[in-house]
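Shown here: upload-v9.txt, compact mmCIF, C-alpha atoms.
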# COMPACT_ATOMS: atom_id res chain seq x y z
CA MET J 1434 -38.87 -41.62 38.67
CA THR J 1435 -40.64 -39.64 41.36
CA ASP J 1436 -38.81 -41.45 44.16
CA VAL J 1437 -35.50 -40.87 42.44
CA ASP J 1438 -36.21 -37.16 41.90
CA THR J 1439 -37.15 -36.75 45.55
CA THR J 1440 -34.09 -38.63 46.78
CA LEU J 1441 -31.74 -36.66 44.54
CA ALA J 1442 -33.16 -33.26 45.43
CA GLY J 1443 -29.75 -32.30 46.89
CA GLY J 1444 -30.16 -33.28 50.51
CA SER J 1445 -29.88 -31.11 53.59
CA TRP J 1446 -26.62 -29.75 54.96
CA LEU J 1447 -27.00 -32.35 57.72
CA SER J 1448 -27.13 -35.27 55.27
CA ARG J 1449 -24.09 -33.94 53.39
CA ALA J 1450 -22.20 -33.44 56.64
CA PHE J 1451 -23.14 -36.99 57.64
CA TYR J 1452 -21.75 -38.33 54.37
CA GLN J 1453 -18.43 -36.56 54.93
CA LEU J 1454 -18.28 -37.91 58.48
CA ALA J 1455 -19.05 -41.45 57.33
CA ARG J 1456 -16.52 -41.13 54.53
CA GLY J 1457 -13.86 -39.91 56.95
CA VAL J 1458 -14.45 -42.90 59.21
CA CYS J 1459 -14.32 -45.28 56.22
CA VAL J 1460 -11.09 -43.76 54.88
CA GLY J 1461 -9.44 -43.92 58.30
CA PHE J 1462 -10.50 -47.52 58.82
CA CYS J 1463 -9.28 -48.54 55.37
CA ARG J 1464 -5.87 -46.94 55.80
CA VAL J 1465 -5.33 -48.57 59.20
CA TRP J 1466 -7.01 -51.99 58.83
CA PHE J 1467 -6.23 -52.60 55.16
CA ARG J 1468 -3.06 -50.48 54.86
CA MET J 1469 -4.85 -49.11 51.82
CA THR J 1470 -3.06 -47.11 49.16
CA VAL J 1471 -4.68 -45.29 46.26
CA GLU J 1472 -3.06 -44.39 42.94
CA GLY J 1473 -4.31 -42.32 40.03
CA LEU J 1474 -6.49 -39.84 41.95
CA GLU J 1475 -5.61 -37.24 39.34
CA HIS J 1476 -7.88 -39.15 36.95
CA VAL J 1477 -11.01 -38.50 39.04
CA PRO J 1478 -13.01 -35.48 37.78
CA ARG J 1479 -13.33 -32.76 40.42
CA SER J 1480 -16.63 -31.53 39.04
CA GLY J 1481 -19.41 -32.68 36.77
CA PRO J 1482 -20.98 -36.11 36.36
CA PHE J 1483 -19.08 -39.29 35.57
CA VAL J 1484 -19.49 -43.06 35.91
CA LEU J 1485 -17.10 -44.72 38.35
CA ALA J 1486 -16.63 -48.35 37.23
CA PRO J 1487 -14.75 -50.60 39.70
CA VAL J 1488 -14.07 -54.31 39.57
CA HIS J 1489 -16.13 -56.25 42.11
CA ARG J 1490 -14.71 -59.02 44.31
CA SER J 1491 -16.03 -58.22 47.80
CA ASN J 1492 -18.86 -56.57 49.72
CA MET J 1493 -16.21 -54.14 50.90
CA ASP J 1494 -15.82 -52.74 47.37
CA THR J 1495 -18.93 -50.58 47.69
CA PRO J 1496 -17.89 -48.54 50.76
CA ILE J 1497 -14.16 -48.38 50.03
CA VAL J 1498 -14.48 -46.71 46.60
CA CYS J 1499 -15.51 -43.54 48.45
CA VAL J 1500 -11.79 -42.96 49.08
CA VAL J 1501 -11.25 -41.80 45.48
CA THR J 1502 -13.15 -38.52 45.92
CA ARG J 1503 -14.62 -36.24 48.58
CA ARG J 1504 -17.69 -35.78 46.40
CA ARG J 1505 -20.72 -37.81 47.35
CA LEU J 1506 -20.90 -40.91 45.18
CA ARG J 1507 -24.27 -42.32 44.16
CA TYR J 1508 -25.21 -46.00 44.32
CA MET J 1509 -28.30 -47.94 43.29
CA GLY J 1510 -30.26 -49.52 46.14
CA LYS J 1511 -33.37 -51.70 46.32
CA ASP J 1512 -36.41 -49.51 46.92
CA SER J 1513 -37.45 -51.47 50.03
CA LEU J 1514 -34.70 -49.64 51.93
CA TRP J 1515 -36.73 -46.44 51.57
CA LYS J 1516 -39.91 -47.74 53.24
CA ASN J 1517 -38.79 -46.61 56.69
CA LYS J 1518 -38.31 -42.84 56.98
CA ALA J 1519 -35.21 -43.00 59.19
CA MET J 1520 -33.59 -45.70 57.05
CA ALA J 1521 -34.47 -43.75 53.89
CA TRP J 1522 -32.65 -40.69 55.22
CA PHE J 1523 -29.65 -42.77 56.29
CA VAL J 1524 -29.28 -44.59 52.95
CA SER J 1525 -29.87 -41.43 50.92
CA ALA J 1526 -27.29 -39.50 52.97
CA LEU J 1527 -24.76 -42.23 52.15
CA GLY J 1528 -25.41 -41.72 48.44
CA GLY J 1529 -28.04 -44.35 47.75
CA PHE J 1530 -31.03 -43.88 45.46
CA PRO J 1531 -33.97 -46.28 45.01
CA VAL J 1532 -34.48 -48.65 42.10
CA ALA J 1533 -37.51 -50.94 42.09
CA ARG J 1534 -36.38 -54.52 42.50
CA GLY J 1535 -37.55 -56.83 39.74
CA THR J 1536 -38.25 -54.03 37.25
CA ALA J 1537 -36.82 -54.00 33.76
CA ASP J 1538 -33.19 -53.02 33.36
CA ARG J 1539 -34.26 -49.95 31.39
CA GLU J 1540 -35.92 -48.52 34.51
CA ALA J 1541 -32.68 -48.86 36.45
CA LEU J 1542 -30.80 -47.20 33.59
CA ARG J 1543 -33.27 -44.31 33.60
CA ALA J 1544 -32.66 -43.85 37.31
CA CYS J 1545 -28.91 -43.77 36.65
CA GLN J 1546 -29.49 -41.25 33.89
CA ALA J 1547 -31.35 -39.01 36.34
CA VAL J 1548 -28.36 -39.08 38.69
CA LEU J 1549 -25.96 -37.97 35.96
CA GLU J 1550 -28.32 -35.27 34.73
CA ARG J 1551 -28.08 -33.75 38.21
CA GLY J 1552 -24.30 -33.56 37.89
CA GLU J 1553 -23.55 -36.34 40.38
CA PRO J 1554 -20.90 -39.07 40.11
CA LEU J 1555 -22.46 -42.52 39.75
CA VAL J 1556 -20.97 -45.87 40.79
CA MET J 1557 -21.76 -48.82 38.53
CA PHE J 1558 -20.08 -52.21 38.84
CA PRO J 1559 -19.64 -53.46 35.24
CA GLU J 1560 -19.42 -57.09 36.39
CA GLY J 1561 -22.79 -56.80 38.12
CA THR J 1562 -22.63 -59.02 41.19
CA ARG J 1563 -19.44 -60.01 43.01
CA GLN J 1564 -17.14 -62.25 41.03
CA SER J 1565 -14.17 -64.40 42.03
CA GLY J 1566 -10.65 -64.82 40.69
CA PRO J 1567 -8.20 -62.70 38.70
CA ILE J 1568 -10.15 -62.64 35.44
CA VAL J 1569 -12.52 -59.83 34.49
CA ARG J 1570 -14.89 -61.89 32.41
CA GLU J 1571 -17.78 -60.57 30.33
CA ILE J 1572 -19.08 -57.25 31.63
CA PHE J 1573 -22.45 -55.60 31.21
CA ASP J 1574 -23.14 -52.83 28.70
CA GLY J 1575 -24.97 -50.71 31.28
CA PRO J 1576 -22.07 -48.39 32.28
CA ALA J 1577 -21.11 -47.79 28.64
CA PHE J 1578 -24.69 -47.12 27.58
CA VAL J 1579 -25.38 -44.73 30.45
CA ALA J 1580 -22.10 -42.87 29.91
CA ALA J 1581 -22.65 -42.57 26.15
CA ARG J 1582 -26.26 -41.46 26.59
CA ALA J 1583 -25.27 -38.77 29.10
CA GLY J 1584 -22.03 -37.85 27.35
CA VAL J 1585 -19.93 -38.35 30.49
CA PRO J 1586 -16.61 -40.16 31.05
CA ILE J 1587 -16.22 -43.63 32.54
CA VAL J 1588 -13.52 -43.87 35.21
CA PRO J 1589 -12.29 -47.48 35.64
CA VAL J 1590 -10.96 -48.64 39.01
CA GLY J 1591 -8.92 -51.72 39.84
CA ILE J 1592 -9.32 -52.94 43.42
CA GLY J 1593 -6.59 -55.33 44.48
CA GLY J 1594 -6.81 -57.57 47.53
CA SER J 1595 -10.46 -57.07 48.48
CA GLU J 1596 -11.34 -60.69 47.77
CA ARG J 1597 -8.88 -61.78 50.47
CA VAL J 1598 -10.38 -59.21 52.85
CA MET J 1599 -13.96 -60.48 52.60
CA PRO J 1600 -14.61 -63.26 50.07
CA LYS J 1601 -18.08 -64.57 49.26
CA GLY J 1602 -19.67 -66.19 52.29
CA SER J 1603 -17.30 -64.56 54.77
CA LYS J 1604 -18.72 -62.78 57.83
CA PHE J 1605 -15.41 -61.34 58.94
CA ILE J 1606 -13.28 -58.51 57.59
CA ARG J 1607 -9.67 -59.65 57.43
CA PRO J 1608 -6.76 -57.20 57.84
CA LYS J 1609 -5.27 -57.75 54.39
CA LYS J 1610 -3.74 -55.05 52.20
CA ILE J 1611 -5.91 -53.34 49.59
CA VAL J 1612 -4.68 -51.25 46.67
CA LEU J 1613 -6.92 -49.07 44.49
CA ILE J 1614 -5.69 -47.88 41.11
CA VAL J 1615 -7.80 -45.34 39.22
CA GLY J 1616 -7.37 -45.44 35.46
CA LYS J 1617 -7.62 -42.70 32.87
CA PRO J 1618 -11.18 -41.66 32.03
CA ILE J 1619 -12.71 -43.25 28.94
CA THR J 1620 -14.59 -40.56 27.04
CA PRO J 1621 -17.48 -41.70 24.83
CA PRO J 1622 -17.97 -40.15 21.38
CA GLN J 1623 -20.67 -37.52 21.00
CA VAL J 1624 -23.96 -38.94 19.82
CA ASP J 1625 -27.23 -37.28 18.84
CA GLY J 1626 -30.36 -39.08 19.93
CA ARG J 1627 -30.21 -42.86 20.02
CA VAL J 1628 -26.90 -44.39 21.10
CA PRO J 1629 -25.63 -46.76 18.37
CA ARG J 1630 -25.02 -50.33 19.45
CA ARG J 1631 -21.54 -50.12 17.94
CA VAL J 1632 -20.60 -47.24 20.27
CA VAL J 1633 -21.78 -49.17 23.34
CA SER J 1634 -19.90 -52.31 22.28
CA GLU J 1635 -16.66 -50.41 21.64
CA LEU J 1636 -16.88 -48.56 24.96
CA THR J 1637 -17.59 -51.80 26.81
CA ALA J 1638 -14.55 -53.43 25.19
CA GLN J 1639 -12.33 -50.48 26.15
CA LEU J 1640 -13.64 -50.60 29.70
CA HIS J 1641 -13.07 -54.35 29.95
CA ASP J 1642 -9.45 -54.05 28.83
CA ALA J 1643 -8.80 -51.13 31.20
CA LEU J 1644 -10.35 -52.96 34.16
CA GLN J 1645 -8.32 -56.11 33.56
CA GLN J 1646 -5.07 -54.15 33.35
CA LEU J 1647 -5.84 -52.09 36.47
CA PHE J 1648 -7.02 -55.15 38.39
CA ASP J 1649 -3.86 -57.09 37.51
CA GLU J 1650 -1.65 -54.23 38.68
CA ALA J 1651 -3.63 -53.57 41.86
CA ASP J 1652 -3.79 -57.26 42.83
CA VAL J 1653 -0.02 -57.65 42.44
CA LYS J 1654 0.69 -54.51 44.47
CA ALA J 1655 -1.67 -55.74 47.19
CA GLY J 1656 0.21 -59.04 47.36
CA ALA J 1657 -2.83 -61.02 46.25
CA ARG J 1658 -0.95 -62.33 43.20
CA PRO J 1659 2.74 -62.91 42.49
CA PRO J 1660 4.50 -60.33 40.27
CA GLY J 1661 4.34 -61.14 36.58
CA GLU J 1662 1.33 -63.46 36.80
CA VAL J 1663 -0.51 -63.44 33.48
CA SER J 1664 -4.24 -62.79 33.56
CA GLY J 1665 -6.51 -64.95 31.46
CA PRO J 1666 -8.26 -68.32 31.66
CA ALA J 1667 -4.95 -70.08 32.31
CA ALA J 1668 -4.31 -68.00 35.42
CA GLY J 1669 -6.95 -69.89 37.35
CA GLN J 1670 -8.80 -68.63 40.42
CA ILE J 1671 -7.52 -66.99 43.56
CA GLU J 1672 -7.78 -69.32 46.50

For the structure just supplied, provide its representation as structure tokens.
Amino acid sequence: MTDVDTTLAGGSWLSRAFYQLARGVCVGFCRVWFRMTVEGLEHVPRSGPFVLAPVHRSNMDTPIVCVVTRRRLRYMGKDSLWKNKAMAWFVSALGGFPVARGTADREALRACQAVLERGEPLVMFPEGTRQSGPIVREIFDGPAFVAARAGVPIVPVGIGGSERVMPKGSKFIRPKKIVLIVGKPITPPQVDGRVPRRVVSELTAQLHDALQQLFDEADVKAGARPPGEVSGPAAGQIE
């Protein structure tokens, strides 16, 4: 936890200015190259901690979610990125914080907890690694557990079209349309002490349903799927 505490100490004005510069470049690129549109920004908290939970279909998902808020978003990163001083500053300025690779999941969750306790917004991809196709399959309990433990809302995000932009194995960024739709925050019930398994399961189910609905809508608006296509196992995979 020492590395996390050091990394999250607030950062210098220079690192925060760098983040805003990098975000501005990213937003401009997305709007021009991807003709990106964003809906539901009113659902993003303007202050206080929250968990931002997007669907995950492309490597581009990580940088492009910064368009939903001017606040610096926090992301987990493998601790090896912090071995070099210059690289450590760069990654930290972009919102990264170190998590030891190969450690137990509980250590990563504690690091996430530390981020939220400092009042920062945290990005967690409920599907874990990049997936493929129109179906949001089983998601991890991590975002629900962290949100319930910290008593903060989960903000689901559907990202439509990013799989066409940069699918698995692709080395090129294609100029396809991307649509982000931010859903209403999911507020966990208040708990004292240990978070009941039932609460985590119910939150995870709510998040799954919200993500599927937002993803369906965003994908259709991005032109990645025909209007009216039904999500589910019968829908198949996006080519």

Which residues are near Ala1643 (chain J)? Cut-off 9 Å, all atoms listed in the file, ignore same chain within fewer than 2 positions. Put them as a CSV table (one decimal) with C-alpha atoms, in the frame of the given file.
chain,number,residue,atom,x,y,z
J,1589,PRO,CA,-12.3,-47.5,35.6
J,1590,VAL,CA,-11.0,-48.6,39.0
J,1591,GLY,CA,-8.9,-51.7,39.8
J,1616,GLY,CA,-7.4,-45.4,35.5
J,1617,LYS,CA,-7.6,-42.7,32.9
J,1638,ALA,CA,-14.6,-53.4,25.2
J,1639,GLN,CA,-12.3,-50.5,26.2
J,1640,LEU,CA,-13.6,-50.6,29.7
J,1641,HIS,CA,-13.1,-54.4,30.0
J,1645,GLN,CA,-8.3,-56.1,33.6
J,1646,GLN,CA,-5.1,-54.2,33.4
J,1647,LEU,CA,-5.8,-52.1,36.5
J,1648,PHE,CA,-7.0,-55.2,38.4

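Here the question is which of J:Asn1517, J:Ser1634, J:Ser1491, J:Ser1448 gets nearest to Ser1595 (chain J) using only C-alpha atoms, and that residue is J:Ser1491.
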
(message) As an exercise, work out the distance from CA of Pro1478 (chain J) to CA of Arg1631 (chain J) in Å and give it to one decimal place.
(response) 26.1 Å

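Residues within 8 Å of Cys1545 (chain J), counting all atoms listed in the file and excluding same-chain residues fewer than 3 positions away, are Met1509, Ala1541, Leu1542, Val1548, Leu1549, Leu1555 and Val1579 of chain J.
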
(request) In the coordinate frame of the file, compute which residues have an atom within 12 Å of (-0.2, -49.3, 50.2) when using all atoms listed in the file, and state them as a PyMOL selection string. (result) chain J and resi 1463-1472+1592-1594+1609-1614+1651-1656

Can you write out the residues you just picked, keeping C-alpha atoms, as a PDB file, in the frame of the given file?
ATOM      1  CA  CYS J1463      -9.280 -48.540  55.370  1.00  0.00           C
ATOM      2  CA  ARG J1464      -5.870 -46.940  55.800  1.00  0.00           C
ATOM      3  CA  VAL J1465      -5.330 -48.570  59.200  1.00  0.00           C
ATOM      4  CA  TRP J1466      -7.010 -51.990  58.830  1.00  0.00           C
ATOM      5  CA  PHE J1467      -6.230 -52.600  55.160  1.00  0.00           C
ATOM      6  CA  ARG J1468      -3.060 -50.480  54.860  1.00  0.00           C
ATOM      7  CA  MET J1469      -4.850 -49.110  51.820  1.00  0.00           C
ATOM      8  CA  THR J1470      -3.060 -47.110  49.160  1.00  0.00           C
ATOM      9  CA  VAL J1471      -4.680 -45.290  46.260  1.00  0.00           C
ATOM     10  CA  GLU J1472      -3.060 -44.390  42.940  1.00  0.00           C
ATOM     11  CA  ILE J1592      -9.320 -52.940  43.420  1.00  0.00           C
ATOM     12  CA  GLY J1593      -6.590 -55.330  44.480  1.00  0.00           C
ATOM     13  CA  GLY J1594      -6.810 -57.570  47.530  1.00  0.00           C
ATOM     14  CA  LYS J1609      -5.270 -57.750  54.390  1.00  0.00           C
ATOM     15  CA  LYS J1610      -3.740 -55.050  52.200  1.00  0.00           C
ATOM     16  CA  ILE J1611      -5.910 -53.340  49.590  1.00  0.00           C
ATOM     17  CA  VAL J1612      -4.680 -51.250  46.670  1.00  0.00           C
ATOM     18  CA  LEU J1613      -6.920 -49.070  44.490  1.00  0.00           C
ATOM     19  CA  ILE J1614      -5.690 -47.880  41.110  1.00  0.00           C
ATOM     20  CA  ALA J1651      -3.630 -53.570  41.860  1.00  0.00           C
ATOM     21  CA  ASP J1652      -3.790 -57.260  42.830  1.00  0.00           C
ATOM     22  CA  VAL J1653      -0.020 -57.650  42.440  1.00  0.00           C
ATOM     23  CA  LYS J1654       0.690 -54.510  44.470  1.00  0.00           C
ATOM     24  CA  ALA J1655      -1.670 -55.740  47.190  1.00  0.00           C
ATOM     25  CA  GLY J1656       0.210 -59.040  47.360  1.00  0.00           C
TER      26      GLY J1656
END

(request) Within 12 Å of (-14.2, -44.1, 34.1) (coordinates as in the file), grab all the protein and nucleic acid residues, counting all atoms listed in the file, and write them out as number ranges by chain. (result) J: 1473-1474, 1476-1478, 1482-1488, 1501, 1554-1559, 1576-1577, 1579-1581, 1585-1591, 1614-1621, 1636-1637, 1639-1641, 1643-1644, 1647

(message) Report, in Å with one decimal, the straight-line distance from CA of Ala1533 (chain J) to CA of Val1498 (chain J).
(response)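 CA of Val1498 (chain J) lies at a distance of 23.8 Å from CA of Ala1533 (chain J).
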
(request) To one decimal in Å, tell me the separation between CA of Gly1529 (chain J) and CA of Arg1505 (chain J). (result)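 Interatomic distance here is 9.8 Å.
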
(request) Return the single residue from J:Gly1575, J:Pro1629, J:Gly1566, J:Pro1622 that is closest to Arg1658 (chain J), with distances computed using all atoms listed in the file. (result)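 Closest to Arg1658 (chain J), using all atoms listed in the file: J:Gly1566.
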
(request) Return the single residue from J:Pro1531, J:Pro1660, J:Pro1600, J:Gly1481 that is closest to Ser1513 (chain J), with distances computed using only C-alpha atoms. (result) J:Pro1531

Test item: axis-aligned box, all listed atoms of region 1643-1648 of chain J, 4 Å on each side, centre and edges in Å rounded to one decimal, as JSON:
{"center_x": -7.7, "center_y": -53.6, "center_z": 34.8, "size_x": 13.3, "size_y": 13.0, "size_z": 15.2}
